[in-house]
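Undergrad: Sharing entry.txt (compact mmCIF, C-alpha atoms (C1' of nucleotides)) below.
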```
# COMPACT_ATOMS: atom_id res chain seq x y z
CA MET A 809 45.88 31.26 75.60
CA THR A 810 49.14 30.81 73.76
CA SER A 811 51.31 31.79 76.72
CA ARG A 812 50.59 30.43 80.15
CA SER A 813 52.03 31.45 83.51
CA THR A 814 51.55 28.11 85.18
CA TYR A 815 53.15 24.92 83.99
CA HIS A 816 49.85 23.12 84.26
CA HIS A 817 46.93 24.23 82.17
CA GLY A 818 44.26 23.85 84.81
CA ASP A 819 41.53 22.23 82.82
CA LEU A 820 43.11 20.99 79.66
CA ARG A 821 40.73 18.08 79.31
CA GLN A 822 37.63 20.26 78.98
CA ALA A 823 39.48 22.84 76.87
CA VAL A 824 40.42 20.17 74.37
CA LEU A 825 36.91 18.74 74.33
CA ASP A 826 35.40 22.18 73.69
CA ALA A 827 37.86 22.98 70.93
CA ALA A 828 37.18 19.60 69.35
CA LEU A 829 33.46 20.35 69.31
CA ASP A 830 34.11 23.59 67.42
CA VAL A 831 36.30 21.91 64.84
CA ILE A 832 33.94 18.99 64.27
CA ALA A 833 30.85 21.20 64.04
CA ALA A 834 32.61 23.32 61.43
CA ASP A 835 34.46 20.74 59.32
CA GLY A 836 33.60 17.26 60.57
CA PRO A 837 35.56 14.69 62.56
CA ALA A 838 38.03 14.14 59.71
CA ALA A 839 39.34 17.69 60.11
CA LEU A 840 40.20 17.09 63.74
CA SER A 841 43.89 17.15 64.65
CA LEU A 842 45.23 16.56 68.14
CA ARG A 843 48.14 18.89 67.44
CA ASP A 844 45.79 21.65 66.36
CA LEU A 845 43.75 21.26 69.53
CA ALA A 846 46.96 21.44 71.55
CA ARG A 847 47.92 24.68 69.81
CA ARG A 848 44.49 26.18 70.53
CA ALA A 849 44.84 25.32 74.20
CA GLY A 850 48.38 26.70 74.30
CA VAL A 851 50.04 23.45 75.31
CA SER A 852 52.59 21.18 73.70
CA HIS A 853 51.56 18.80 70.98
CA ALA A 854 51.66 15.71 73.21
CA ALA A 855 49.73 17.12 76.16
CA PRO A 856 46.24 16.04 75.05
CA ALA A 857 47.35 12.44 74.73
CA HIS A 858 47.72 12.24 78.49
CA HIS A 859 44.01 12.91 78.93
CA PHE A 860 42.63 10.85 76.05
CA LYS A 861 45.38 8.37 75.20
CA ASP A 862 44.86 8.87 71.47
CA ARG A 863 42.57 10.31 68.82
CA THR A 864 40.05 7.52 69.23
CA GLY A 865 40.03 8.13 72.96
CA LEU A 866 39.14 11.78 72.47
CA LEU A 867 36.29 10.96 70.09
CA THR A 868 35.05 8.27 72.46
CA ALA A 869 34.98 10.77 75.33
CA LEU A 870 32.99 13.15 73.14
CA ALA A 871 30.51 10.44 72.21
CA ALA A 872 30.03 9.44 75.85
CA GLN A 873 29.47 13.08 76.78
CA GLY A 874 26.92 13.29 73.96
CA TYR A 875 24.97 10.25 75.08
CA GLY A 876 24.86 11.69 78.58
CA LEU A 877 23.48 14.99 77.31
CA LEU A 878 20.92 13.20 75.18
CA ALA A 879 19.73 11.07 78.11
CA GLU A 880 19.26 14.21 80.22
CA THR A 881 17.34 15.92 77.44
CA LEU A 882 15.00 13.00 76.87
CA ALA A 883 14.39 12.25 80.53
CA THR A 884 11.86 15.00 81.19
CA ALA A 885 9.85 14.75 77.96
CA PRO A 886 6.10 14.33 78.66
CA ASP A 887 5.21 11.98 75.77
CA LEU A 888 6.54 10.15 72.74
CA ARG A 889 6.13 12.97 70.27
CA GLU A 890 7.97 15.40 72.54
CA ARG A 891 10.77 12.87 72.90
CA GLY A 892 11.15 12.91 69.14
CA VAL A 893 11.15 16.69 69.06
CA ARG A 894 13.88 16.80 71.70
CA TYR A 895 15.91 14.21 69.81
CA VAL A 896 15.86 16.51 66.79
CA ARG A 897 16.66 19.51 68.97
CA PHE A 898 19.65 17.70 70.44
CA ALA A 899 21.02 17.04 66.95
CA VAL A 900 20.61 20.70 66.00
CA GLU A 901 22.13 22.09 69.18
CA HIS A 902 24.93 19.52 69.46
CA PRO A 903 25.80 18.62 65.88
CA ALA A 904 29.37 17.61 66.70
CA HIS A 905 28.30 15.24 69.44
CA PHE A 906 25.60 13.78 67.22
CA GLN A 907 27.96 13.10 64.35
CA VAL A 908 30.55 11.36 66.50
CA MET A 909 27.98 9.31 68.41
CA PHE A 910 26.84 7.62 65.22
CA GLN A 911 30.16 6.79 63.61
CA PRO A 912 31.21 3.60 65.41
CA GLU A 913 34.45 3.27 63.43
CA LEU A 914 35.72 6.38 65.18
CA LEU A 915 35.04 5.05 68.68
CA ARG A 916 36.45 2.49 71.09
CA ALA A 917 33.43 0.22 71.32
CA ASP A 918 34.43 -1.39 74.62
CA ASP A 919 34.93 1.86 76.55
CA PRO A 920 33.03 1.55 79.87
CA ASP A 921 32.01 5.23 80.02
CA LEU A 922 30.71 5.08 76.47
CA ILE A 923 28.74 1.91 77.10
CA ALA A 924 27.23 3.29 80.31
CA ALA A 925 26.21 6.62 78.78
CA ARG A 926 24.75 4.92 75.71
CA GLU A 927 22.75 2.61 77.92
CA ARG A 928 21.32 5.58 79.83
CA ALA A 929 20.21 7.21 76.57
CA SER A 930 18.88 3.93 75.27
CA ALA A 931 16.80 3.47 78.42
CA GLU A 932 15.25 6.90 77.88
CA LEU A 933 14.37 5.98 74.32
CA ARG A 934 12.72 2.78 75.48
CA ALA A 935 10.85 4.65 78.18
CA GLY A 936 9.12 6.64 75.45
CA VAL A 937 7.17 3.62 74.27
CA ALA A 938 7.09 1.61 77.47
CA GLY A 939 3.69 2.96 78.50
CA LEU A 940 1.99 2.06 75.27
CA ARG A 941 0.55 -1.19 76.54
CA GLU A 942 -1.89 -1.74 73.73
CA LEU A 943 1.02 -2.27 71.35
CA PRO A 944 1.88 -5.86 70.43
CA ASP A 945 5.60 -5.08 70.15
CA ALA A 946 6.84 -2.04 72.01
CA ARG A 947 10.41 -2.60 70.88
CA THR A 948 9.51 -2.48 67.21
CA ALA A 949 7.44 0.63 67.86
CA GLY A 950 10.45 2.18 69.53
CA ILE A 951 12.65 1.43 66.54
CA ALA A 952 10.02 2.99 64.27
CA ALA A 953 9.86 6.23 66.24
CA TRP A 954 13.62 6.33 66.66
CA SER A 955 14.14 5.80 62.92
CA LEU A 956 11.86 8.70 62.08
CA ALA A 957 13.52 11.13 64.47
CA HIS A 958 17.04 9.96 63.67
CA GLY A 959 16.46 10.09 59.95
CA PHE A 960 15.05 13.60 60.05
CA ALA A 961 17.87 14.79 62.30
CA THR A 962 20.49 13.26 60.03
CA LEU A 963 18.98 14.69 56.86
CA LEU A 964 18.80 18.03 58.62
CA LEU A 965 22.48 18.04 59.55
CA THR A 966 23.54 16.89 56.09
CA HIS A 967 21.65 19.78 54.46
CA ASN A 968 19.16 17.51 52.72
CA VAL A 969 15.93 19.19 53.83
CA ARG A 970 16.92 22.83 53.41
CA ASP A 971 14.51 23.55 50.56
CA ALA A 972 11.56 21.85 52.18
CA LEU A 973 12.23 23.56 55.48
CA GLY A 974 12.39 27.11 54.19
CA ASP A 975 12.66 29.37 57.23
CA ARG A 976 10.52 27.18 59.43
CA ASP A 977 11.78 25.92 62.76
CA PRO A 978 13.09 22.35 62.40
CA GLU A 979 11.23 21.24 65.51
CA ASP A 980 7.92 22.56 64.23
CA TYR A 981 8.51 20.89 60.91
CA PHE A 982 9.20 17.61 62.66
CA ARG A 983 5.94 17.94 64.58
CA SER A 984 4.05 18.24 61.32
CA LEU A 985 5.89 15.19 60.01
CA THR A 986 4.70 13.09 62.91
CA GLY A 987 1.19 14.38 62.47
CA LEU A 988 1.22 13.36 58.84
CA LEU A 989 2.62 9.90 59.47
CA PHE A 990 0.84 8.72 62.56
CA THR A 991 -2.68 9.61 61.49
CA GLY A 992 -2.44 7.34 58.48
CA GLN A 993 -2.74 10.15 55.96
CA LEU A 994 0.09 8.76 53.86
CA PRO A 995 -0.94 5.71 51.81
CA LEU A 996 1.76 3.17 51.22
CA THR A 997 0.64 1.46 48.08
CA ASP A 998 -1.17 2.21 44.84
CA GLY A 999 0.24 5.68 44.75
CA GLU A 1000 -0.43 6.19 41.06
CA MET B 1441 48.72 -7.06 41.19
CA THR B 1442 51.96 -5.89 42.73
CA SER B 1443 54.03 -6.33 39.57
CA ARG B 1444 52.76 -5.10 36.26
CA SER B 1445 54.15 -5.76 32.77
CA THR B 1446 52.75 -2.64 31.19
CA TYR B 1447 53.65 0.86 32.26
CA HIS B 1448 50.00 1.81 32.36
CA HIS B 1449 47.65 0.06 34.72
CA GLY B 1450 44.72 -0.29 32.35
CA ASP B 1451 41.85 0.69 34.59
CA LEU B 1452 43.40 2.31 37.62
CA ARG B 1453 40.44 4.55 38.22
CA GLN B 1454 38.00 1.72 38.80
CA ALA B 1455 40.59 -0.34 40.69
CA VAL B 1456 41.10 2.52 43.14
CA LEU B 1457 37.37 3.08 43.50
CA ASP B 1458 36.78 -0.60 44.24
CA ALA B 1459 39.61 -0.77 46.75
CA ALA B 1460 38.30 2.38 48.42
CA LEU B 1461 34.88 0.77 48.81
CA ASP B 1462 36.44 -2.20 50.59
CA VAL B 1463 38.41 -0.03 52.97
CA ILE B 1464 35.48 2.24 53.79
CA ALA B 1465 33.05 -0.63 54.28
CA ALA B 1466 35.49 -2.24 56.69
CA ASP B 1467 36.87 0.73 58.63
CA GLY B 1468 35.10 3.89 57.51
CA PRO B 1469 36.20 6.84 55.37
CA ALA B 1470 38.72 7.98 58.00
CA ALA B 1471 40.79 4.84 57.43
CA LEU B 1472 41.15 5.59 53.74
CA SER B 1473 44.63 6.39 52.48
CA LEU B 1474 45.48 7.25 48.89
CA ARG B 1475 48.90 5.68 49.30
CA ASP B 1476 47.39 2.46 50.57
CA LEU B 1477 45.03 2.33 47.60
CA ALA B 1478 48.00 2.90 45.29
CA ARG B 1479 49.86 0.01 46.90
CA ARG B 1480 46.86 -2.27 46.50
CA ALA B 1481 46.66 -1.41 42.81
CA GLY B 1482 50.41 -1.86 42.40
CA VAL B 1483 51.12 1.66 41.23
CA SER B 1484 53.19 4.51 42.60
CA HIS B 1485 51.86 6.61 45.44
CA ALA B 1486 51.00 9.59 43.25
CA ALA B 1487 49.20 7.72 40.48
CA PRO B 1488 45.66 7.94 41.94
CA ALA B 1489 45.92 11.71 42.18
CA HIS B 1490 45.85 11.91 38.42
CA HIS B 1491 42.39 10.38 38.32
CA PHE B 1492 40.85 12.08 41.34
CA LYS B 1493 42.98 15.16 41.97
CA ASP B 1494 42.95 14.60 45.73
CA ARG B 1495 41.32 12.67 48.56
CA THR B 1496 38.19 14.79 48.42
CA GLY B 1497 37.97 14.15 44.70
CA LEU B 1498 38.02 10.40 45.23
CA LEU B 1499 35.29 10.54 47.86
CA THR B 1500 33.22 12.83 45.65
CA ALA B 1501 33.50 10.35 42.79
CA LEU B 1502 32.34 7.58 45.12
CA ALA B 1503 29.37 9.63 46.29
CA ALA B 1504 28.34 10.45 42.74
CA GLN B 1505 28.57 6.77 41.82
CA GLY B 1506 26.44 5.98 44.84
CA TYR B 1507 23.70 8.45 43.96
CA GLY B 1508 23.62 6.99 40.46
CA LEU B 1509 23.19 3.48 41.81
CA LEU B 1510 20.49 4.62 44.21
CA ALA B 1511 18.56 6.37 41.44
CA GLU B 1512 18.66 3.19 39.35
CA THR B 1513 17.48 1.09 42.26
CA LEU B 1514 14.55 3.38 43.08
CA ALA B 1515 13.43 3.92 39.50
CA THR B 1516 11.59 0.63 39.04
CA ALA B 1517 9.89 0.42 42.46
CA PRO B 1518 6.12 -0.06 42.13
CA ASP B 1519 4.97 2.02 45.10
CA LEU B 1520 6.11 4.16 48.01
CA ARG B 1521 6.62 1.36 50.50
CA GLU B 1522 8.75 -0.59 48.04
CA ARG B 1523 10.83 2.54 47.42
CA GLY B 1524 11.55 2.63 51.14
CA VAL B 1525 12.47 -1.03 51.18
CA ARG B 1526 14.87 -0.52 48.29
CA TYR B 1527 16.39 2.50 50.01
CA VAL B 1528 17.19 0.28 52.99
CA ARG B 1529 18.46 -2.47 50.71
CA PHE B 1530 20.79 0.00 48.99
CA ALA B 1531 22.28 1.01 52.33
CA VAL B 1532 22.85 -2.62 53.29
CA GLU B 1533 24.35 -3.64 49.96
CA HIS B 1534 26.41 -0.48 49.45
CA PRO B 1535 27.37 0.65 52.94
CA ALA B 1536 30.51 2.47 51.83
CA HIS B 1537 28.64 4.48 49.21
CA PHE B 1538 25.88 5.27 51.69
CA GLN B 1539 28.28 6.53 54.34
CA VAL B 1540 30.16 8.81 51.97
CA MET B 1541 27.01 10.17 50.32
CA PHE B 1542 25.80 11.58 53.61
CA GLN B 1543 28.97 13.20 54.92
CA PRO B 1544 29.05 16.53 53.07
CA GLU B 1545 32.29 17.66 54.74
CA LEU B 1546 34.09 14.90 52.85
CA LEU B 1547 32.79 15.99 49.45
CA ARG B 1548 33.29 18.77 46.92
CA ALA B 1549 29.82 20.26 47.03
CA ASP B 1550 30.09 22.01 43.65
CA ASP B 1551 31.18 18.97 41.66
CA PRO B 1552 28.97 18.77 38.54
CA ASP B 1553 28.85 14.95 38.45
CA LEU B 1554 27.89 14.82 42.10
CA ILE B 1555 25.16 17.42 41.68
CA ALA B 1556 23.73 15.70 38.62
CA ALA B 1557 23.69 12.25 40.21
CA ARG B 1558 22.16 13.56 43.40
CA GLU B 1559 19.46 15.30 41.43
CA ARG B 1560 18.62 12.06 39.64
CA ALA B 1561 18.23 10.26 42.96
CA SER B 1562 16.27 13.14 44.41
CA ALA B 1563 13.86 13.04 41.49
CA GLU B 1564 13.24 9.36 42.11
CA LEU B 1565 12.50 10.07 45.77
CA ARG B 1566 10.02 12.78 44.81
CA ALA B 1567 8.40 10.47 42.28
CA GLY B 1568 7.47 8.16 45.12
CA VAL B 1569 4.97 10.62 46.53
CA ALA B 1570 4.11 12.52 43.36
CA GLY B 1571 1.08 10.35 42.64
CA LEU B 1572 -0.50 10.87 46.03
CA ARG B 1573 -2.83 13.64 44.91
CA GLU B 1574 -5.02 13.63 47.96
CA LEU B 1575 -2.11 14.88 50.04
CA PRO B 1576 -2.06 18.58 50.94
CA ASP B 1577 1.75 18.75 50.85
CA ALA B 1578 3.50 16.07 48.84
CA ARG B 1579 6.92 17.49 49.63
CA THR B 1580 6.44 17.19 53.38
CA ALA B 1581 5.11 13.68 52.90
CA GLY B 1582 8.23 12.88 50.93
CA ILE B 1583 10.47 14.16 53.72
CA ALA B 1584 8.53 12.05 56.20
CA ALA B 1585 8.95 8.86 54.22
CA TRP B 1586 12.58 9.65 53.45
CA SER B 1587 13.31 10.33 57.13
CA LEU B 1588 11.90 6.97 58.17
CA ALA B 1589 13.85 4.99 55.57
CA HIS B 1590 17.04 6.98 56.06
CA GLY B 1591 16.87 6.75 59.82
CA PHE B 1592 16.33 3.01 59.82
CA ALA B 1593 19.12 2.51 57.28
CA THR B 1594 21.52 4.64 59.33
CA LEU B 1595 20.69 2.93 62.62
CA LEU B 1596 21.15 -0.38 60.84
CA LEU B 1597 24.63 0.49 59.55
CA THR B 1598 25.70 1.90 62.92
CA HIS B 1599 24.74 -1.36 64.68
CA ASN B 1600 21.94 0.28 66.67
CA VAL B 1601 19.12 -2.13 65.86
CA ARG B 1602 20.99 -5.43 66.12
CA ASP B 1603 19.13 -6.66 69.19
CA ALA B 1604 15.69 -5.74 67.88
CA LEU B 1605 16.44 -7.29 64.50
CA GLY B 1606 17.58 -10.69 65.74
CA ASP B 1607 18.07 -12.84 62.67
CA ARG B 1608 15.26 -11.26 60.69
CA ASP B 1609 15.87 -9.78 57.27
CA PRO B 1610 16.30 -5.97 57.54
CA GLU B 1611 13.95 -5.39 54.64
CA ASP B 1612 11.20 -7.44 56.24
CA TYR B 1613 11.68 -5.65 59.50
CA PHE B 1614 11.39 -2.31 57.72
CA ARG B 1615 8.14 -3.46 56.12
CA SER B 1616 6.71 -4.15 59.55
CA LEU B 1617 7.88 -0.72 60.70
CA THR B 1618 5.96 0.99 57.94
CA GLY B 1619 2.90 -1.12 58.72
CA LEU B 1620 3.05 -0.05 62.34
CA LEU B 1621 3.49 3.63 61.61
CA PHE B 1622 1.22 4.29 58.71
CA THR B 1623 -1.84 2.61 60.10
CA GLY B 1624 -1.92 4.90 63.10
CA GLN B 1625 -1.29 2.16 65.62
CA LEU B 1626 1.27 4.21 67.47
CA PRO B 1627 -0.30 6.93 69.65
CA LEU B 1628 1.76 10.07 70.01
CA THR B 1629 0.61 11.47 73.29
CA ASP B 1630 -0.57 10.30 76.69
CA GLY B 1631 1.77 7.36 76.57
CA GLU B 1632 1.84 6.90 80.32
C1' DC C 494 59.57 17.00 104.23
C1' DC C 495 59.78 13.80 100.99
C1' DA C 496 57.89 10.16 97.92
C1' DT C 497 54.58 9.45 94.60
C1' DC C 498 51.75 10.57 91.02
C1' DA C 499 49.45 13.46 87.53
C1' DT C 500 50.45 16.65 84.16
C1' DC C 501 53.06 18.75 80.68
C1' DT C 502 57.42 19.32 77.40
C1' DT C 503 60.73 17.91 74.12
C1' DG C 504 62.38 14.87 70.75
C1' DT C 505 61.65 11.41 67.43
C1' DC C 506 59.69 8.05 63.93
C1' DA C 507 56.80 6.33 60.32
C1' DC C 508 53.01 7.67 57.62
C1' DT C 509 50.14 10.70 54.88
C1' DG C 510 48.42 14.25 51.34
C1' DA C 511 49.87 17.37 48.12
C1' DC C 512 52.97 19.09 44.86
C1' DT C 513 56.70 19.01 41.18
C1' DA C 514 59.45 17.34 37.43
C1' DG C 515 60.21 13.91 34.40
C1' DA C 516 59.42 9.20 32.07
C1' DT C 517 56.41 6.31 29.29
C1' DA C 518 52.63 5.05 26.49
C1' DA C 519 48.48 6.12 23.64
C1' DT C 520 46.13 9.02 20.45
C1' DG C 521 45.20 11.85 16.72
C1' DC C 522 46.46 14.86 13.09
C1' DG C 523 49.32 16.22 9.16
C1' DC D 333 53.66 6.82 8.19
C1' DG D 334 55.79 10.29 11.39
C1' DC D 335 55.34 13.47 14.85
C1' DA D 336 53.25 16.40 18.31
C1' DT D 337 50.00 16.32 21.89
C1' DT D 338 47.90 14.34 25.64
C1' DA D 339 46.97 10.88 29.24
C1' DT D 340 48.98 8.12 32.50
C1' DC D 341 52.37 6.78 35.66
C1' DT D 342 57.07 7.25 38.46
C1' DA D 343 60.26 9.37 41.62
C1' DG D 344 61.41 12.83 44.78
C1' DT D 345 60.22 16.16 48.20
C1' DC D 346 57.89 18.92 52.00
C1' DA D 347 54.98 20.09 55.78
C1' DG D 348 51.69 18.14 58.89
C1' DT D 349 50.08 14.30 61.80
C1' DG D 350 49.53 10.39 65.40
C1' DA D 351 51.96 7.75 68.46
C1' DC D 352 55.50 6.83 71.51
C1' DA D 353 59.51 7.53 74.87
C1' DA D 354 62.12 10.05 78.22
C1' DG D 355 62.43 13.66 81.12
C1' DA D 356 60.80 18.12 83.57
C1' DT D 357 57.43 20.33 86.58
C1' DG D 358 54.12 20.76 90.02
C1' DA D 359 50.55 18.88 93.24
C1' DT D 360 49.19 15.72 96.84
C1' DG D 361 49.33 12.98 100.75
C1' DG D 362 51.67 10.15 104.21
```
Will you turn the file into structure tokens for me?
TA:
Amino acid sequence: MTSRSTYHHGDLRQAVLDAALDVIAADGPAALSLRDLARRAGVSHAAPAHHFKDRTGLLTALAAQGYGLLAETLATAPDLRERGVRYVRFAVEHPAHFQVMFQPELLRADDPDLIAARERASAELRAGVAGLRELPDARTAGIAAWSLAHGFATLLLTHNVRDALGDRDPEDYFRSLTGLLFTGQLPLTDGE
Amino acid sequence: MTSRSTYHHGDLRQAVLDAALDVIAADGPAALSLRDLARRAGVSHAAPAHHFKDRTGLLTALAAQGYGLLAETLATAPDLRERGVRYVRFAVEHPAHFQVMFQPELLRADDPDLIAARERASAELRAGVAGLRELPDARTAGIAAWSLAHGFATLLLTHNVRDALGDRDPEDYFRSLTGLLFTGQLPLTDGE
DNA sequence: CCATCATCTTGTCACTGACTAGATAATGCG
DNA sequence: CGCATTATCTAGTCAGTGACAAGATGATGG
């Protein structure tokens, strides 16, 4: 990849995005360097800027891509619990996307692609509780379910549930979490 | 603060930590520059390095401080629900600490102070479910409660629940979340 | 066939983190 | 009290980075 016969790369945009995913998954967004990505793709140090304008542009493109993937993943889930499971699965399978999506300081908030993709994912999240008509406040219920899945996914990626997990599959573990919570087995008060 | 009569600053360590909290709360950890912090404190660009070794050292010190604060906050909570509420409150009142604490790539994982402080906070989290003797698996219950609080706190700080929140107090909203979840009002399957 | 445009290169600038050597103050030990 | 040791801070330097500008190369369409 270091030497190239053609002057043009061919698909530099995707090559840079893929390389960025590797770097971020390994060492986080802070370790990401446009010049390093350029070296990996075998192009000059300023080439990536033409596709993403700047560092923020690259991260914004990644986040938009992530929201798109998440929306796809959620779309075909049969019920609310499965939506949660797929949310967790998305975080595990696309850790770099997930990290970038939820660090707004790294992104250009007014980017049209980002806003559109986020809205698609958001609609899928809302769809998960839309059918629960007996609920007084579907939106609050949605936030509750989202919080649970997002929190577990985040703690998973930040290595905070390793001991509890053991060698169990994260998705299975999450299923048992929902079972514990939603059946009212966990009392809130008078614990002692 | 720019000019200083004495050669020594007096309390440069805390001054740098405080300035770092401001920067991170405003623009995230990525916007943090040791040289900028030095300028704010009115010292030379290399002075902070003596207190924190490097950038990672500074962030690790912040994280350790954060875990200490969190442990203190949780210690006096009367029951599990109130522990969750205080977890959310901590995230709102100390957003910079919270962000840094849960980005392991930014930290020195083997730092003794960090490990000790994290263990103190972890013990307080476990204490929240320790009294629930009727539970088959207190550890899993702890992860469930932690996930919910952590997820809500994270979504709060990343501006993902603004619309749902309106002008309500985040803590109150979280209380209603727990009420909704733990009483089994939210069916998991057959949503449609 | 040529004009236009997208893509890539080269060169440059200010800024940053990390390191080194040396200056200055505080501390403790005889 | 005097002096050595240590903690703290300054000044200088280097490689790496993001951003920008100007120009080269190749593709595309009228």
Undergrad: With distances taken over only C-alpha atoms, which residue among A:Gly865, A:Gly974, A:Gly950, A:Pro912 lies nearest chain B?
TA: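 For chain B, the nearest of the candidates is A:Pro912.
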Undergrad: For Gly1524 of chain B, which of B:Gln1539, B:Thr1618, B:Thr1496, B:Thr1580 is the closest residue, counting all atoms listed in the file?
TA: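 Looking at the shortest contact to Gly1524 of chain B, the residue is B:Thr1618.
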Undergrad: With all atoms listed in the file considered, list every residue of chain B at most 10 Å from chain C, as a PDB file with C-alpha atoms, keeping the file's coordinate frame.
TA:
```pdb
ATOM      1  CA  THR B1446      52.750  -2.640  31.190  1.00  0.00           C
ATOM      2  CA  TYR B1447      53.650   0.860  32.260  1.00  0.00           C
ATOM      3  CA  HIS B1448      50.000   1.810  32.360  1.00  0.00           C
ATOM      4  CA  SER B1473      44.630   6.390  52.480  1.00  0.00           C
ATOM      5  CA  LEU B1474      45.480   7.250  48.890  1.00  0.00           C
ATOM      6  CA  ARG B1475      48.900   5.680  49.300  1.00  0.00           C
ATOM      7  CA  ASP B1476      47.390   2.460  50.570  1.00  0.00           C
ATOM      8  CA  ALA B1486      51.000   9.590  43.250  1.00  0.00           C
ATOM      9  CA  ALA B1489      45.920  11.710  42.180  1.00  0.00           C
ATOM     10  CA  LYS B1493      42.980  15.160  41.970  1.00  0.00           C
ATOM     11  CA  ASP B1494      42.950  14.600  45.730  1.00  0.00           C
ATOM     12  CA  ARG B1495      41.320  12.670  48.560  1.00  0.00           C
TER      13      ARG B1495
END
```
Undergrad: Residues of chain D near chain B: apply a cut-off of 10 Å, count only C-alpha atoms (C1' of nucleotides), and supply the list as an MDAnalysis selection string.
TA: chainID D and resid 339:343
Undergrad: Nearest residue to Asp1519 of chain B out of B:Leu1546, B:Gly1571, B:Leu1472, B:Ala1501, using all atoms listed in the file?
TA: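 Checking each of B:Leu1546, B:Gly1571, B:Leu1472, B:Ala1501 against Asp1519 of chain B, counting all atoms listed in the file, the winner is B:Gly1571.
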Undergrad: With 12 Å as the threshold, what does the neighbourhood of (13.7, 7.8, 64.2) contain in terms of residues, counting only C-alpha atoms (C1' of nucleotides)? Coordinates are those of the file; answer as an MDAnalysis selection string.
TA: (chainID A and resid 888:889 891:896 933 948:963 982 985:986) or (chainID B and resid 1584:1596 1600:1601 1617 1621)
Undergrad: Filtering to C-alpha atoms, could you give me those residues as a PDB file, keeping the file's coordinate frame?
TA:
```
ATOM      1  CA  LEU A 888       6.540  10.150  72.740  1.00  0.00           C
ATOM      2  CA  ARG A 889       6.130  12.970  70.270  1.00  0.00           C
ATOM      3  CA  ARG A 891      10.770  12.870  72.900  1.00  0.00           C
ATOM      4  CA  GLY A 892      11.150  12.910  69.140  1.00  0.00           C
ATOM      5  CA  VAL A 893      11.150  16.690  69.060  1.00  0.00           C
ATOM      6  CA  ARG A 894      13.880  16.800  71.700  1.00  0.00           C
ATOM      7  CA  TYR A 895      15.910  14.210  69.810  1.00  0.00           C
ATOM      8  CA  VAL A 896      15.860  16.510  66.790  1.00  0.00           C
ATOM      9  CA  LEU A 933      14.370   5.980  74.320  1.00  0.00           C
ATOM     10  CA  THR A 948       9.510  -2.480  67.210  1.00  0.00           C
ATOM     11  CA  ALA A 949       7.440   0.630  67.860  1.00  0.00           C
ATOM     12  CA  GLY A 950      10.450   2.180  69.530  1.00  0.00           C
ATOM     13  CA  ILE A 951      12.650   1.430  66.540  1.00  0.00           C
ATOM     14  CA  ALA A 952      10.020   2.990  64.270  1.00  0.00           C
ATOM     15  CA  ALA A 953       9.860   6.230  66.240  1.00  0.00           C
ATOM     16  CA  TRP A 954      13.620   6.330  66.660  1.00  0.00           C
ATOM     17  CA  SER A 955      14.140   5.800  62.920  1.00  0.00           C
ATOM     18  CA  LEU A 956      11.860   8.700  62.080  1.00  0.00           C
ATOM     19  CA  ALA A 957      13.520  11.130  64.470  1.00  0.00           C
ATOM     20  CA  HIS A 958      17.040   9.960  63.670  1.00  0.00           C
ATOM     21  CA  GLY A 959      16.460  10.090  59.950  1.00  0.00           C
ATOM     22  CA  PHE A 960      15.050  13.600  60.050  1.00  0.00           C
ATOM     23  CA  ALA A 961      17.870  14.790  62.300  1.00  0.00           C
ATOM     24  CA  THR A 962      20.490  13.260  60.030  1.00  0.00           C
ATOM     25  CA  LEU A 963      18.980  14.690  56.860  1.00  0.00           C
ATOM     26  CA  PHE A 982       9.200  17.610  62.660  1.00  0.00           C
ATOM     27  CA  LEU A 985       5.890  15.190  60.010  1.00  0.00           C
ATOM     28  CA  THR A 986       4.700  13.090  62.910  1.00  0.00           C
TER      29      THR A 986
ATOM     30  CA  ALA B1584       8.530  12.050  56.200  1.00  0.00           C
ATOM     31  CA  ALA B1585       8.950   8.860  54.220  1.00  0.00           C
ATOM     32  CA  TRP B1586      12.580   9.650  53.450  1.00  0.00           C
ATOM     33  CA  SER B1587      13.310  10.330  57.130  1.00  0.00           C
ATOM     34  CA  LEU B1588      11.900   6.970  58.170  1.00  0.00           C
ATOM     35  CA  ALA B1589      13.850   4.990  55.570  1.00  0.00           C
ATOM     36  CA  HIS B1590      17.040   6.980  56.060  1.00  0.00           C
ATOM     37  CA  GLY B1591      16.870   6.750  59.820  1.00  0.00           C
ATOM     38  CA  PHE B1592      16.330   3.010  59.820  1.00  0.00           C
ATOM     39  CA  ALA B1593      19.120   2.510  57.280  1.00  0.00           C
ATOM     40  CA  THR B1594      21.520   4.640  59.330  1.00  0.00           C
ATOM     41  CA  LEU B1595      20.690   2.930  62.620  1.00  0.00           C
ATOM     42  CA  LEU B1596      21.150  -0.380  60.840  1.00  0.00           C
ATOM     43  CA  ASN B1600      21.940   0.280  66.670  1.00  0.00           C
ATOM     44  CA  VAL B1601      19.120  -2.130  65.860  1.00  0.00           C
ATOM     45  CA  LEU B1617       7.880  -0.720  60.700  1.00  0.00           C
ATOM     46  CA  LEU B1621       3.490   3.630  61.610  1.00  0.00           C
TER      47      LEU B1621
END
```
Undergrad: With distances taken over all atoms listed in the file, which residue among A:Asp921, A:Glu979, A:Glu913, A:Glu901 lies nearest chain B?
TA: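 Looking at the shortest contact to chain B, the residue is A:Glu913.
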Undergrad: What is the distance, in Å and to one decimal place, between atom CA of Ala1481 of chain B and atom C1' of DT345 of chain D?
TA: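 Distance between the two atoms: 22.8 Å.
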Undergrad: With all atoms listed in the file as the basis for distance, which of B:Glu1564, B:Asp1551, B:Asp1607, B:Asp1467 is at the shortest distance from chain A?
TA: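 Counting all atoms listed in the file, the residue closest to chain A is B:Asp1467.
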